[in-house]
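Structure first, commentary second.
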Amino acid sequence: MLGNLLLHGESDSVKKTSETSLKINEIDSLSDIDTICFMGTNVVSGSAKGVVIKIGDATYFGKIAHTLTSYKPKTAFQKGIEDISRLLIRLMVIMIPIVFLLNSWKHDIITAFTFAVAIAIGITPLLLPVILSSSLSKGAVRMSKKKTIVKKLDSIQNFGAMNILCTDKTGTLTEDKIVLEKYLNIQGEEDLRVLKHAFLNSYFQTGLKGNIDEAIINRGLENDMQGFKDKYKKIDEIPFDFSRRRLSIVVNDGTKSQLITKGAVEEILSICTMVDYKGEVSNITKEIKDNIRKISKSLNEDGLRVIAVCQKNDITGIQNFSVSDEKNMVLLGFIGFLDPPKESAKESIEKLNNAGIRVIVLTGDNAEVTRAVCDKVNINSKNIVLGNKIDKLSDVAVLRLLKKTNIFAKLSPIQKARIVRLLRESGNVVRLYG
């Protein structure tokens, strides 16, 4: 059963099973458990029977909803108005008795009291609401010239008083658009043959085309591969599933048929017995596999999602293709995908830092990808704290971490809300972006 898990900030599908294969030390957060389907997620494919263990507010999704409907903290503007009001009230409490006592020696009690009340009224700035509204309105007009609509006037002051900006990664620092960044052969060299086979696989597959397939097709068209649409014809397809973690298509160019498969690196390695390097096919060895894993790991550390591509030509005589035909294949190489940072992100963060505003990244993505993106936009990624560590610490300990940490990864919405709450309670003016 597949759940589109939205609770960790990413929209990738996650496999759900009746029996877990995870070990306790592999579970970083509640959303990592693969035997539980969460309320608020969408079933993409598959079927199952389940037991309901929580409903309504008792669910994880319900807890998130509760935090959204709970009492909103006061803004910096509201706190400022309250501070001014308290100051004026204190002045009144002090001044009225003093003025009344001084005047009661020379005048009657009624006259002295009336004069004291008049002094109290004089202390009160009657035009304060008008001055505040006109000032904030002027700020809203200036913001409109920068193509920003202000719905609440007091947000102008809050924006100006901000000293910490908490931002998400996906779609905020990044374009939220997966781009095919690399297409490499088994030696880590750029090779159009790898892109060609990946293009054929993604273009001719009839399932739901995801971001990865769209990125492959777009990059293929950029490299003048549109001619392959007419040159090749689809013969058969072995659909993707989460147990195999790969997808295969069979195509024919008029002279020969090919079985082309793409999928997770380890799954592709398990069905390959040979490798193709610049047209030369040789048996796969342990050294070659280790080097392939090394290249794949290096790409992951650079923030790229990696899948492998393989093919097989010896498929004559096969009428109906099945999973059993995905064997004795030839590994061609890898393709790496990246959600690139926005062009404006680096400049914007630099301006915020120059203005004395600290940027803290709160994301549900993993640490490796987050580090790669943050390095490109000049956010210090030396120290990254994961969500599972946050749950084990007290509020005081988390506050200590916040003094020296700018990036928090693999966070749930509740963990993000906790960090923001602690920052505000420690006297910071925090704004959220994402």
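In the structure tokens, chains take letters A, B, ... by order of appearance, with residues numbered from 1 within each chain and ligands from 1 in the order shown.
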Per-residue nearest contacts of range 118-208 of chain A to range 294-305 of chain A (12 Å; only C-alpha atoms) as a Markdown table:
```
| residue | atom | partner | partner_atom | distance |
| --- | --- | --- | --- | --- |
| A:Ile178 | CA | A:Arg305 | CA | 9.5 |
| A:Val179 | CA | A:Leu304 | CA | 9.8 |
| A:Leu180 | CA | A:Leu304 | CA | 9.2 |
| A:Glu181 | CA | A:Leu304 | CA | 8.0 |
| A:Lys182 | CA | A:Leu304 | CA | 8.9 |
| A:Tyr183 | CA | A:Leu299 | CA | 11.2 |
| A:Leu184 | CA | A:Ile295 | CA | 9.6 |
| A:Asn185 | CA | A:Ile295 | CA | 10.2 |
| A:Ile186 | CA | A:Ile295 | CA | 8.5 |
| A:Gln187 | CA | A:Ile295 | CA | 8.1 |
| A:Gly188 | CA | A:Ile295 | CA | 6.6 |
| A:Glu189 | CA | A:Ile295 | CA | 10.4 |
```
Keeping only N, CA and C atoms, take the residues you just selected and write them out as a short mmCIF file (atom, residue, chain, number, x, y, z; two decimals), in the first residue's frame.
```cif
data_model
loop_
_atom_site.label_atom_id
_atom_site.label_comp_id
_atom_site.auth_asym_id
_atom_site.auth_seq_id
_atom_site.Cartn_x
_atom_site.Cartn_y
_atom_site.Cartn_z
N ILE A 178 12.34 19.39 -10.20
CA ILE A 178 13.47 18.48 -10.35
C ILE A 178 14.08 18.64 -11.74
N VAL A 179 15.38 18.78 -11.77
CA VAL A 179 16.12 18.95 -13.03
C VAL A 179 17.15 17.83 -13.16
N LEU A 180 17.22 17.23 -14.35
CA LEU A 180 18.24 16.21 -14.59
C LEU A 180 19.58 16.92 -14.71
N GLU A 181 20.46 16.66 -13.76
CA GLU A 181 21.72 17.38 -13.66
C GLU A 181 22.87 16.63 -14.33
N LYS A 182 22.88 15.30 -14.17
CA LYS A 182 24.01 14.51 -14.69
C LYS A 182 23.52 13.23 -15.34
N TYR A 183 24.22 12.82 -16.41
CA TYR A 183 24.01 11.50 -17.02
C TYR A 183 25.39 10.92 -17.27
N LEU A 184 25.75 9.94 -16.46
CA LEU A 184 27.13 9.44 -16.39
C LEU A 184 27.20 7.96 -16.70
N ASN A 185 28.33 7.54 -17.30
CA ASN A 185 28.57 6.12 -17.52
C ASN A 185 29.15 5.50 -16.25
N ILE A 186 29.58 4.25 -16.33
CA ILE A 186 30.00 3.54 -15.11
C ILE A 186 31.29 4.10 -14.52
N GLN A 187 32.03 4.92 -15.29
CA GLN A 187 33.25 5.54 -14.78
C GLN A 187 33.02 6.98 -14.32
N GLY A 188 31.75 7.39 -14.30
CA GLY A 188 31.44 8.73 -13.84
C GLY A 188 31.65 9.81 -14.89
N GLU A 189 31.72 9.42 -16.16
CA GLU A 189 31.92 10.36 -17.26
C GLU A 189 30.59 10.65 -17.95
#
```
Quick one: pick out all strand (DSSP E or B) residues within range 134-227 of chain A from a backbone DSSP run and write them as an NGL selection string. :A and (164-167 or 174 or 179-185 or 190)
List the neighbours of Ala367 in chain A out to 12 Å using only C-alpha atoms; skip same-chain residues closer than 4 positions along the sequence, and give me the result as a list in words.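 Using only C-alpha atoms, the neighbours found are Lys169, Asn300, Glu301, Asp302, Gly303, Val361, Leu362, Thr363, Arg371, Ala372, Val373, Cys374, Asp375, Ser381, Lys382, Asn383, Ile384, Val385, Leu386, Gly387, Ile407, Phe408, Ala409, Lys410 and Leu411 of chain A.
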Of the listed residues A:Thr255, A:Thr75, A:Asn291, A:Asn283, that which approaches Glu425 in chain A most closely, counting only C-alpha atoms: A:Thr75
Using only C-alpha atoms, determine which residues lie at most 9 Å from range 81-91 of chain A, disregarding the query and same-chain residues fewer than 6 positions distant; provide the list as a ChimeraX atom specification. /A:120,123-124
Would you return as a PyMOL selection string the members of range 25-246 of chain A that DSSP assigns to alpha helix (DSSP H) on this structure's backbone? chain A and resi 60-69+76-104+109-123+128-144+154-161+192-204+211-222+228-231
Mind writing the picked residues with C-alpha atoms as a short mmCIF file (atom, residue, chain, number, x, y, z; two decimals), in the first residue's frame?
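And here's selection_5.cif as it stands now:
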```cif
data_model
loop_
_atom_site.label_atom_id
_atom_site.label_comp_id
_atom_site.auth_asym_id
_atom_site.auth_seq_id
_atom_site.Cartn_x
_atom_site.Cartn_y
_atom_site.Cartn_z
CA TYR A 60 -0.82 12.70 14.24
CA PHE A 61 -2.62 14.78 11.63
CA GLY A 62 -5.11 15.89 14.27
CA LYS A 63 -2.32 17.17 16.50
CA ILE A 64 -1.02 19.28 13.62
CA ALA A 65 -4.50 20.67 13.00
CA HIS A 66 -4.84 21.48 16.70
CA THR A 67 -1.67 23.60 16.64
CA LEU A 68 -3.11 25.60 13.73
CA THR A 69 -6.36 26.37 15.57
CA ALA A 76 5.76 42.37 17.98
CA PHE A 77 3.38 45.21 17.03
CA GLN A 78 0.76 44.09 19.55
CA LYS A 79 3.39 43.72 22.26
CA GLY A 80 4.69 47.22 21.50
CA ILE A 81 1.23 48.77 21.78
CA GLU A 82 0.66 46.94 25.06
CA ASP A 83 3.98 48.21 26.44
CA ILE A 84 3.05 51.81 25.58
CA SER A 85 -0.38 51.37 27.14
CA ARG A 86 1.12 50.01 30.36
CA LEU A 87 3.55 52.93 30.53
CA LEU A 88 0.73 55.46 30.14
CA ILE A 89 -1.38 53.69 32.79
CA ARG A 90 1.55 53.77 35.22
CA LEU A 91 1.99 57.50 34.62
CA MET A 92 -1.70 58.06 35.26
CA VAL A 93 -1.67 56.01 38.45
CA ILE A 94 1.28 58.04 39.73
CA MET A 95 0.31 61.51 38.45
CA ILE A 96 -3.39 61.61 39.40
CA PRO A 97 -2.88 61.17 43.20
CA ILE A 98 0.05 63.61 43.22
CA VAL A 99 -1.83 66.32 41.28
CA PHE A 100 -4.96 65.78 43.36
CA LEU A 101 -3.08 66.11 46.67
CA LEU A 102 -1.21 69.23 45.58
CA ASN A 103 -4.35 71.00 44.37
CA SER A 104 -6.52 69.93 47.34
CA ILE A 109 -11.91 68.58 46.51
CA ILE A 110 -14.16 68.61 43.42
CA THR A 111 -11.96 71.16 41.62
CA ALA A 112 -8.77 69.30 42.54
CA PHE A 113 -10.21 65.98 41.34
CA THR A 114 -11.46 67.51 38.07
CA PHE A 115 -8.03 69.02 37.40
CA ALA A 116 -6.30 65.66 38.12
CA VAL A 117 -8.62 63.89 35.68
CA ALA A 118 -7.88 66.57 33.05
CA ILE A 119 -4.15 65.90 33.49
CA ALA A 120 -4.76 62.16 33.02
CA ILE A 121 -6.67 62.83 29.81
CA GLY A 122 -3.88 65.11 28.61
CA ILE A 123 -1.34 62.32 29.12
CA LEU A 128 -1.96 57.74 18.53
CA PRO A 129 -4.33 55.44 16.54
CA VAL A 130 -4.44 57.93 13.68
CA ILE A 131 -0.66 58.30 13.63
CA LEU A 132 -0.13 54.54 13.69
CA SER A 133 -2.67 53.87 10.94
CA SER A 134 -1.30 56.57 8.65
CA SER A 135 2.29 55.43 9.16
CA LEU A 136 1.47 51.79 8.49
CA SER A 137 -0.66 52.74 5.49
CA LYS A 138 2.28 54.63 4.03
CA GLY A 139 4.39 51.52 4.51
CA ALA A 140 1.76 49.42 2.72
CA VAL A 141 1.83 51.82 -0.24
CA ARG A 142 5.62 51.52 -0.45
CA MET A 143 5.35 47.72 -0.32
CA SER A 144 2.77 47.77 -3.13
CA ASP A 154 0.41 45.64 11.62
CA SER A 155 2.44 43.10 9.59
CA ILE A 156 4.47 46.07 8.28
CA GLN A 157 5.89 46.72 11.74
CA ASN A 158 6.37 43.01 12.41
CA PHE A 159 8.33 42.64 9.19
CA GLY A 160 10.58 45.54 10.10
CA ALA A 161 11.17 44.27 13.65
CA LEU A 192 24.67 10.75 -24.00
CA ARG A 193 23.94 7.03 -24.48
CA VAL A 194 22.84 6.87 -20.85
CA LEU A 195 20.52 9.83 -21.37
CA LYS A 196 19.18 8.28 -24.59
CA HIS A 197 18.15 5.03 -22.90
CA ALA A 198 16.65 6.88 -19.94
CA PHE A 199 14.71 9.07 -22.39
CA LEU A 200 13.28 6.05 -24.21
CA ASN A 201 12.25 4.47 -20.92
CA SER A 202 10.51 7.61 -19.60
CA TYR A 203 8.89 8.66 -22.87
CA PHE A 204 7.35 5.29 -23.76
CA ASN A 211 8.86 14.69 -11.79
CA ILE A 212 11.78 12.39 -12.61
CA ASP A 213 10.26 11.25 -15.91
CA GLU A 214 9.41 14.82 -16.88
CA ALA A 215 12.97 15.93 -16.09
CA ILE A 216 14.44 13.12 -18.23
CA ILE A 217 12.14 13.89 -21.16
CA ASN A 218 12.89 17.62 -21.00
CA ARG A 219 16.66 17.06 -20.92
CA GLY A 220 16.38 14.58 -23.79
CA LEU A 221 14.50 17.09 -25.92
CA GLU A 222 17.15 19.70 -25.12
CA PHE A 228 13.54 8.90 -31.20
CA LYS A 229 9.78 9.33 -30.72
CA ASP A 230 9.17 8.24 -34.31
CA LYS A 231 12.20 6.00 -34.77
#
```
CA of Leu247 in chain A to CA of Cys37 in chain A: how many Å, to one decimal? 24.9 Å
Which polymer residues have any atom within 10 Å of an atom of Glu326 in chain A, counting only C-alpha atoms, with same-chain residues fewer than 4 positions away left out, as a JSON list (two decimals) with C-alpha atoms, in the first residue's frame?
```json
[["chain", "number", "residue", "atom", "x", "y", "z"],
["A", 238, "ILE", "CA", 6.84, -3.99, -17.11],
["A", 246, "ARG", "CA", 12.36, -0.26, -11.19],
["A", 247, "LEU", "CA", 10.45, 0.10, -14.46],
["A", 248, "SER", "CA", 11.13, -1.56, -17.82],
["A", 259, "LEU", "CA", 14.64, -4.11, -22.88],
["A", 260, "ILE", "CA", 15.51, -0.86, -21.06],
["A", 261, "THR", "CA", 15.21, -0.60, -17.28],
["A", 268, "ILE", "CA", 19.55, -2.34, -10.89],
["A", 270, "SER", "CA", 21.09, -6.88, -8.53],
["A", 271, "ILE", "CA", 19.90, -7.72, -12.08],
["A", 272, "CYS", "CA", 23.06, -6.75, -13.99],
["A", 310, "CYS", "CA", 20.52, -0.77, -17.84],
["A", 311, "GLN", "CA", 19.46, -2.61, -21.00],
["A", 312, "LYS", "CA", 19.39, -6.02, -22.69],
["A", 321, "PHE", "CA", 7.53, -9.89, -21.01],
["A", 322, "SER", "CA", 7.48, -10.19, -17.22]]
```
Which is closer to Glu350 in chain A than all the others in A:Asn378, A:Ile390, A:Asp191, A:Lys106, using only C-alpha atoms?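 Looking at the shortest contact to Glu350 in chain A, the residue is A:Asn378.
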Neighbours of Val52 in chain A within 12 Å (only C-alpha atoms; same-chain residues fewer than 3 positions away dropped), as a list in words? Ile36, Cys37, Phe38, Met39, Lys49, Ile55, Gly56, Ala58 and Thr59 of chain A
